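Asks: Got a structure here, written out as structure tokens. Questions coming.
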Amino acid sequence: MARLLVLRSAPYHRSSLSAAATATSSRSASFPRLSRRHLPSLLRVPVRAVESSSGATKQEEAPLAAGEAQEPLPAAPAFVVEELGWGTQLAVKLKMLVAPPWKRVRKGSVLTMTLRGEISDQLKTRFSSGLSLPQICENFEKAAYDPRISGIYLHIEPLSCGWGKAEEIRRHIVDFKKSGKFVVGYMPVGGEKEYYLASACAELYAPPSAYVALYGLTIQQTFLRGVLEKVGVQPEIQRIGRYKSAGDQLGRKSMSNEVKEMLGALLDNIYGNWLDTVSSTHGKKKEEIEEFVNSGVYQVERLKKEGWITDLLYDDQVMTMLKERVGQNDKKSLRMIDYSKYSRVRKSTLGIGGGGDLIAVIRASGSITRTRSGLSVSSSGIIAEQLIKKIRTVRESEKYKAVILRIDSPGGDALASDLMWREIRLLAESKPVVASMSDVAASGGYYMAMAAPVIVAEKLTLTGSIGVITGKFILQKLYERIDFNKEILSRGRYAELNAADQRLLRPDEAELFEKSAQNAYASFRDKAAMSRSMSIDQMETVAQGRVWSGQDAASRGLVDSLGGFSQALAIAKQRAKIPQDKKVRLVEISKASPTLPEILSGIGGSILGVDRVVKGVLQDVTSLNGVQARMDGILFERLENMPGENQLFLLVKEITNYFG
């Protein structure tokens, strides 16, 4: 019976990024259309970036709002290592002397960080598992200044993050090397993304038995329409936008030509950027790198011979080498401090804390829902009602000079996205707001970003996907198969539109179903056009549910500047009229506090006895309410590095097995 409850009626969706393209749906609904009388009060025109023929970003100045200065957007590295004054150095030494034991670092220590698996864009609590991008980046900056740190030893293993986060981390590795300290990489297993990071290290080692396979990149989509038909489930999908692939996993049996075009362009961007970066690192032509990859690289000895890695050494041999380098031959083991412990060291202890002016940082990561479900925890995505409270708190406070809205989201509930859009617009009327996009800001994620006057993205941030999807399951054949009966009494012509899953939609119901989705798309598109100072026709050419890379989005007016968090900070300081060389203090508004479910989850899901598949699907189903503005989960991986089967596929397999 529990299996039947999961598949009841209409709502379904999947929020996580996976190798399989994700499907989303919900009951038909729409958000209100934007009337023309709202335009004057909400209009705030951004400066738009365009791509030059050389690949650099140049400024195309759009008309500015009244009173707004016309100035080019600044560019900024991840961080710059500057010499501290003697007074600051003295204060640093005193702080280190009185630091509590759990924050002390022995002189000559090597910072060790293992980059593996998922990397969150949120700050992590002590009870949270996994890695945090802001804490990883901050550790690089702190280690560059910390006189107790001799260098960094990075273990790089298979990653589940996107290319936006990989670019941010790589930028910090490059800037850390400018401090004069060593950064050594160790890669026992890896592919293109792992090597993309590892190649930034001054030295890279791998064990003789390492599995490093550089075969190229692939995009994969799986289609379950045939499987669902076999178990008697018929999806009714309304996707608005020729390129909107969300829902294809359930509604189609193969990839459409438009989706092939879109994914092919994204793959060209990612692979091209990889070839450019690696060829620049090795001082070779792009064609030489591509020829080497196309030869089928799997022998680690070839990588050493061709200079792609420094040497073949085991982990203990690398640490012995580092002991000699830092003058610890007389020590039994290398002095090390790990990522977790070093994350507790405050920047202020090292004399690089912020100054007097405050800039708020609001982080929004994950799938978008309007309210919290009974199964969600604090880190389970973007909950609109909670984020809106934080936005209003910042808007009503006079102490913040500017706001950085950090977004890493494939979208979700369209109504929730619209409500947050409105609040961000109001926030931007009171103080400068800059949106900084991480791995993905698409569909509902881009809906939030476009409310900011300035949008910053990484070159490979998945951007746009301006479209909507809605849908429901028709379970008539499944019910017949298991001899299940459902009867509905209703009043009103369309009362059964969302409730009736035991029969096909009537023609008039199907028409209303489609019109509702069309109305939601028009609202999204029109607000995007207004937010980006485009005509409806101009926006239509870049909308239609299409996902762009950050660099392609910049050339089409969807993004203003290319870069990471530091770039967004530089622009925020400029808009707040704070000198670029003046320090500011960043205040994390969305900083998480540990909750009981999170603590228990960190201890281990097995203790709670919750099945992984059922828990994941139940949380997705119970969080839905309304049209979805969502992008498919797209990951670019090698075939042999595919993640496991997605939750929905596992669920269908369970149903198939159960009903024979």
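Each chain in the structure tokens gets a letter, A, B, ..., in the order shown, and its residues are numbered from 1; ligands are numbered from 1 in order too.
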Write out as a PyMOL selection string all residues of segment 462-508 of chain A that DSSP puts in alpha helix (DSSP H) for this structure's backbone.
Replies: chain A and resi 476-481+507-508
Asks: Would you save the residues from that selection as an mmCIF file, in the first residue's frame, using N, CA, C and O atoms?
Replies:
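So the final result, stored in again_29.cif, reads:
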```
data_model
loop_
_atom_site.group_PDB
_atom_site.id
_atom_site.type_symbol
_atom_site.label_atom_id
_atom_site.label_comp_id
_atom_site.auth_asym_id
_atom_site.auth_seq_id
_atom_site.Cartn_x
_atom_site.Cartn_y
_atom_site.Cartn_z
ATOM 1 N N GLN A 476 -4.899 4.888 -14.453
ATOM 2 C CA GLN A 476 -6.045 4.051 -14.785
ATOM 3 C C GLN A 476 -5.649 2.587 -15.002
ATOM 4 O O GLN A 476 -6.237 1.667 -14.414
ATOM 5 N N LYS A 477 -4.670 2.340 -15.848
ATOM 6 C CA LYS A 477 -4.276 0.967 -16.167
ATOM 7 C C LYS A 477 -3.635 0.269 -14.972
ATOM 8 O O LYS A 477 -3.820 -0.935 -14.775
ATOM 9 N N LEU A 478 -2.888 1.029 -14.177
ATOM 10 C CA LEU A 478 -2.288 0.443 -12.979
ATOM 11 C C LEU A 478 -3.375 0.007 -12.003
ATOM 12 O O LEU A 478 -3.314 -1.086 -11.432
ATOM 13 N N TYR A 479 -4.387 0.870 -11.827
ATOM 14 C CA TYR A 479 -5.488 0.540 -10.922
ATOM 15 C C TYR A 479 -6.230 -0.711 -11.404
ATOM 16 O O TYR A 479 -6.610 -1.578 -10.605
ATOM 17 N N GLU A 480 -6.443 -0.789 -12.723
ATOM 18 C CA GLU A 480 -7.117 -1.969 -13.269
ATOM 19 C C GLU A 480 -6.288 -3.220 -13.043
ATOM 20 O O GLU A 480 -6.825 -4.293 -12.745
ATOM 21 N N ARG A 481 -4.997 -3.079 -13.179
ATOM 22 C CA ARG A 481 -4.103 -4.231 -13.045
ATOM 23 C C ARG A 481 -4.119 -4.799 -11.636
ATOM 24 O O ARG A 481 -4.047 -6.009 -11.430
ATOM 25 N N PRO A 507 -11.120 16.428 -23.128
ATOM 26 C CA PRO A 507 -10.520 17.445 -24.009
ATOM 27 C C PRO A 507 -10.529 18.844 -23.407
ATOM 28 O O PRO A 507 -9.541 19.583 -23.528
ATOM 29 N N ASP A 508 -11.644 19.228 -22.766
ATOM 30 C CA ASP A 508 -11.690 20.563 -22.175
ATOM 31 C C ASP A 508 -10.753 20.675 -20.976
ATOM 32 O O ASP A 508 -10.164 21.734 -20.723
#
```
Asks: Near Val433 of chain A, counting only C-alpha atoms, which residues have an atom at most 8 Å away, once you skip same-chain residues fewer than 3 positions from it, shown as a list in words?
Replies: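 Near Val433 of chain A, the qualifying residues are Ala402, Val403, Ile404, Leu405, Leu427, Ala428, Ala452, Pro453, Val454 and Ala572 of chain A.
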Asks: Could you turn the residues from that selection into a file that holds C-alpha atoms, as a short mmCIF file (atom, residue, chain, number, x, y, z; two decimals), in the first residue's frame?
Replies:
```
data_model
loop_
_atom_site.label_atom_id
_atom_site.label_comp_id
_atom_site.auth_asym_id
_atom_site.auth_seq_id
_atom_site.Cartn_x
_atom_site.Cartn_y
_atom_site.Cartn_z
CA ALA A 402 25.15 45.88 0.01
CA VAL A 403 23.94 42.30 -0.49
CA ILE A 404 25.40 39.33 -2.35
CA LEU A 405 22.74 36.79 -3.27
CA LEU A 427 15.57 44.60 -1.50
CA ALA A 428 17.38 46.03 -4.54
CA ALA A 452 19.14 41.52 -8.95
CA PRO A 453 20.42 44.53 -10.93
CA VAL A 454 23.73 42.71 -11.58
CA ALA A 572 28.96 45.01 -4.58
#
```
Asks: Contacts between segment 256-277 of chain A and segment 172-200 of chain A, please, where a residue of segment 172-200 of chain A counts if it comes within 9 Å (with only C-alpha atoms); show its shortest atom pair and distance in Å to one decimal, rows by chain and ascending number, as CSV.
Replies:
```
residue,atom,partner,partner_atom,distance
A:Glu192,CA,A:Trp274,CA,7.8
A:Lys193,CA,A:Trp274,CA,8.4
A:Tyr196,CA,A:Trp274,CA,7.0
```
Asks: Which neighbours of Glu398 of chain A fall inside 10 Å, counting only C-alpha atoms, when residues of the same chain fewer than 6 positions from it are skipped, and could you give them as a list in words?
Replies: Leu358, Ser430 and Lys431 of chain A
Asks: Save out the residues we just selected, N, CA and C atoms, as a tab-separated table (two decimals), in the first residue's frame.
Replies:
```
chain	number	residue	atom	x	y	z
A	358	LEU	N	29.57	46.56	6.45
A	358	LEU	CA	29.02	45.22	6.42
A	358	LEU	C	28.34	44.95	5.08
A	430	SER	N	16.40	49.19	-1.92
A	430	SER	CA	16.90	49.80	-0.68
A	430	SER	C	18.42	49.80	-0.60
A	431	LYS	N	19.09	48.87	-1.30
A	431	LYS	CA	20.55	48.78	-1.26
A	431	LYS	C	21.04	47.97	-2.45
```
Asks: Closest to Phe565 of chain A among A:Ala528, A:Val318, A:Val456, A:Leu462, using only C-alpha atoms?
Replies: A:Val456
Asks: Residues of segment 326-553 of chain A classed as strand (DSSP E) by DSSP on the backbone are to be reported as a PyMOL selection string.
Replies: chain A and resi 336-338+358-365+368-369+382-383+400-409+411-413+433-442+454-457+462-464+468-474+547-548
Asks: Can you tell me which residues surround Leu111 of chain A at a distance of at most 10 Å, considering only C-alpha atoms, apart from same-chain residues fewer than 3 positions away, and format the answer as a list in words?
Replies: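 These residues fall inside the cut-off: Val105, Gly108, Asn139, Phe140, Ala143, Arg148, Ile149, Ser150, Gly151, Ile152, Tyr153, Leu154, Val183, Arg335, Met336, Ile337, Asp338, Tyr339, Lys341 and Tyr342 of chain A.
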Asks: Which residues, written as an mmCIF file with N, CA, C and O atoms, in the first residue's frame, have at least one atom at most 9 Å from segment 210-214 of chain A, with only C-alpha atoms counted and residues fewer than 6 positions away on the same chain left out?
Replies:
```cif
data_model
loop_
_atom_site.group_PDB
_atom_site.id
_atom_site.type_symbol
_atom_site.label_atom_id
_atom_site.label_comp_id
_atom_site.auth_asym_id
_atom_site.auth_seq_id
_atom_site.Cartn_x
_atom_site.Cartn_y
_atom_site.Cartn_z
ATOM 1 N N MET A 187 46.284 12.328 -6.659
ATOM 2 C CA MET A 187 45.058 11.893 -7.322
ATOM 3 C C MET A 187 45.112 10.390 -7.609
ATOM 4 O O MET A 187 45.642 9.966 -8.637
ATOM 5 N N PRO A 188 44.555 9.569 -6.718
ATOM 6 C CA PRO A 188 44.547 8.120 -6.952
ATOM 7 C C PRO A 188 43.497 7.680 -7.967
ATOM 8 O O PRO A 188 43.673 6.675 -8.649
ATOM 9 N N VAL A 189 42.403 8.414 -8.059
ATOM 10 C CA VAL A 189 41.323 8.111 -8.999
ATOM 11 C C VAL A 189 40.812 9.425 -9.561
ATOM 12 O O VAL A 189 40.635 10.388 -8.811
ATOM 13 N N GLY A 190 40.577 9.472 -10.850
ATOM 14 C CA GLY A 190 40.059 10.721 -11.378
ATOM 15 C C GLY A 190 39.832 10.689 -12.868
ATOM 16 O O GLY A 190 40.315 9.812 -13.588
ATOM 17 N N GLY A 191 39.081 11.677 -13.315
ATOM 18 C CA GLY A 191 38.818 11.871 -14.731
ATOM 19 C C GLY A 191 39.052 13.311 -15.095
ATOM 20 O O GLY A 191 39.887 13.996 -14.499
ATOM 21 N N GLU A 192 38.287 13.818 -16.055
ATOM 22 C CA GLU A 192 38.516 15.167 -16.576
ATOM 23 C C GLU A 192 38.313 16.248 -15.509
ATOM 24 O O GLU A 192 39.118 17.169 -15.408
ATOM 25 N N TYR A 195 41.093 16.089 -12.887
ATOM 26 C CA TYR A 195 42.374 16.572 -13.425
ATOM 27 C C TYR A 195 42.329 18.080 -13.661
ATOM 28 O O TYR A 195 43.347 18.765 -13.541
ATOM 29 N N VAL A 293 44.107 13.053 -25.661
ATOM 30 C CA VAL A 293 42.906 12.485 -25.047
ATOM 31 C C VAL A 293 42.262 11.454 -25.975
ATOM 32 O O VAL A 293 41.829 10.387 -25.541
ATOM 33 N N ASN A 294 42.217 11.760 -27.259
ATOM 34 C CA ASN A 294 41.592 10.858 -28.218
ATOM 35 C C ASN A 294 42.379 9.568 -28.440
ATOM 36 O O ASN A 294 41.870 8.632 -29.065
ATOM 37 N N GLY A 296 43.091 7.713 -26.023
ATOM 38 C CA GLY A 296 42.607 6.815 -24.969
ATOM 39 C C GLY A 296 43.612 6.715 -23.839
ATOM 40 O O GLY A 296 44.468 5.833 -23.823
ATOM 41 N N VAL A 297 43.506 7.621 -22.886
ATOM 42 C CA VAL A 297 44.506 7.711 -21.815
ATOM 43 C C VAL A 297 44.020 6.949 -20.585
ATOM 44 O O VAL A 297 43.047 7.341 -19.952
ATOM 45 N N TYR A 298 44.673 5.870 -20.285
ATOM 46 C CA TYR A 298 44.349 5.100 -19.086
ATOM 47 C C TYR A 298 45.594 4.629 -18.348
ATOM 48 O O TYR A 298 45.525 4.256 -17.182
ATOM 49 N N GLN A 299 46.755 4.644 -19.010
ATOM 50 C CA GLN A 299 47.996 4.204 -18.378
ATOM 51 C C GLN A 299 48.620 5.383 -17.642
ATOM 52 O O GLN A 299 49.007 6.379 -18.252
ATOM 53 N N VAL A 300 48.714 5.265 -16.343
ATOM 54 C CA VAL A 300 49.235 6.369 -15.548
ATOM 55 C C VAL A 300 50.695 6.649 -15.889
ATOM 56 O O VAL A 300 51.173 7.781 -15.754
ATOM 57 N N LEU A 303 50.900 9.312 -18.444
ATOM 58 C CA LEU A 303 50.681 10.655 -17.902
ATOM 59 C C LEU A 303 51.974 11.228 -17.337
ATOM 60 O O LEU A 303 52.259 12.422 -17.494
ATOM 61 N N LEU A 312 55.126 9.149 -9.932
ATOM 62 C CA LEU A 312 54.290 8.084 -9.391
ATOM 63 C C LEU A 312 54.791 7.725 -7.999
ATOM 64 O O LEU A 312 55.856 7.119 -7.848
ATOM 65 N N ARG A 638 32.079 10.966 -17.433
ATOM 66 C CA ARG A 638 32.457 9.825 -18.246
ATOM 67 C C ARG A 638 31.444 8.718 -18.024
ATOM 68 O O ARG A 638 30.811 8.622 -16.981
#
```
Asks: Looking at only C-alpha atoms, which of A:Gly444, A:Gly180, A:Gly471, A:Gly550 is the one that sits closest to Leu250 of chain A?
Replies: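 Of all the options, A:Gly471 lies closest to Leu250 of chain A.
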Asks: What does the distance between atom CA of Ile119 of chain A and atom CA of Leu159 of chain A come to in Å, to one decimal place?
Replies: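 Taking atom CA of Ile119 of chain A as the start and atom CA of Leu159 of chain A as the end point, the length is 8.0 Å.
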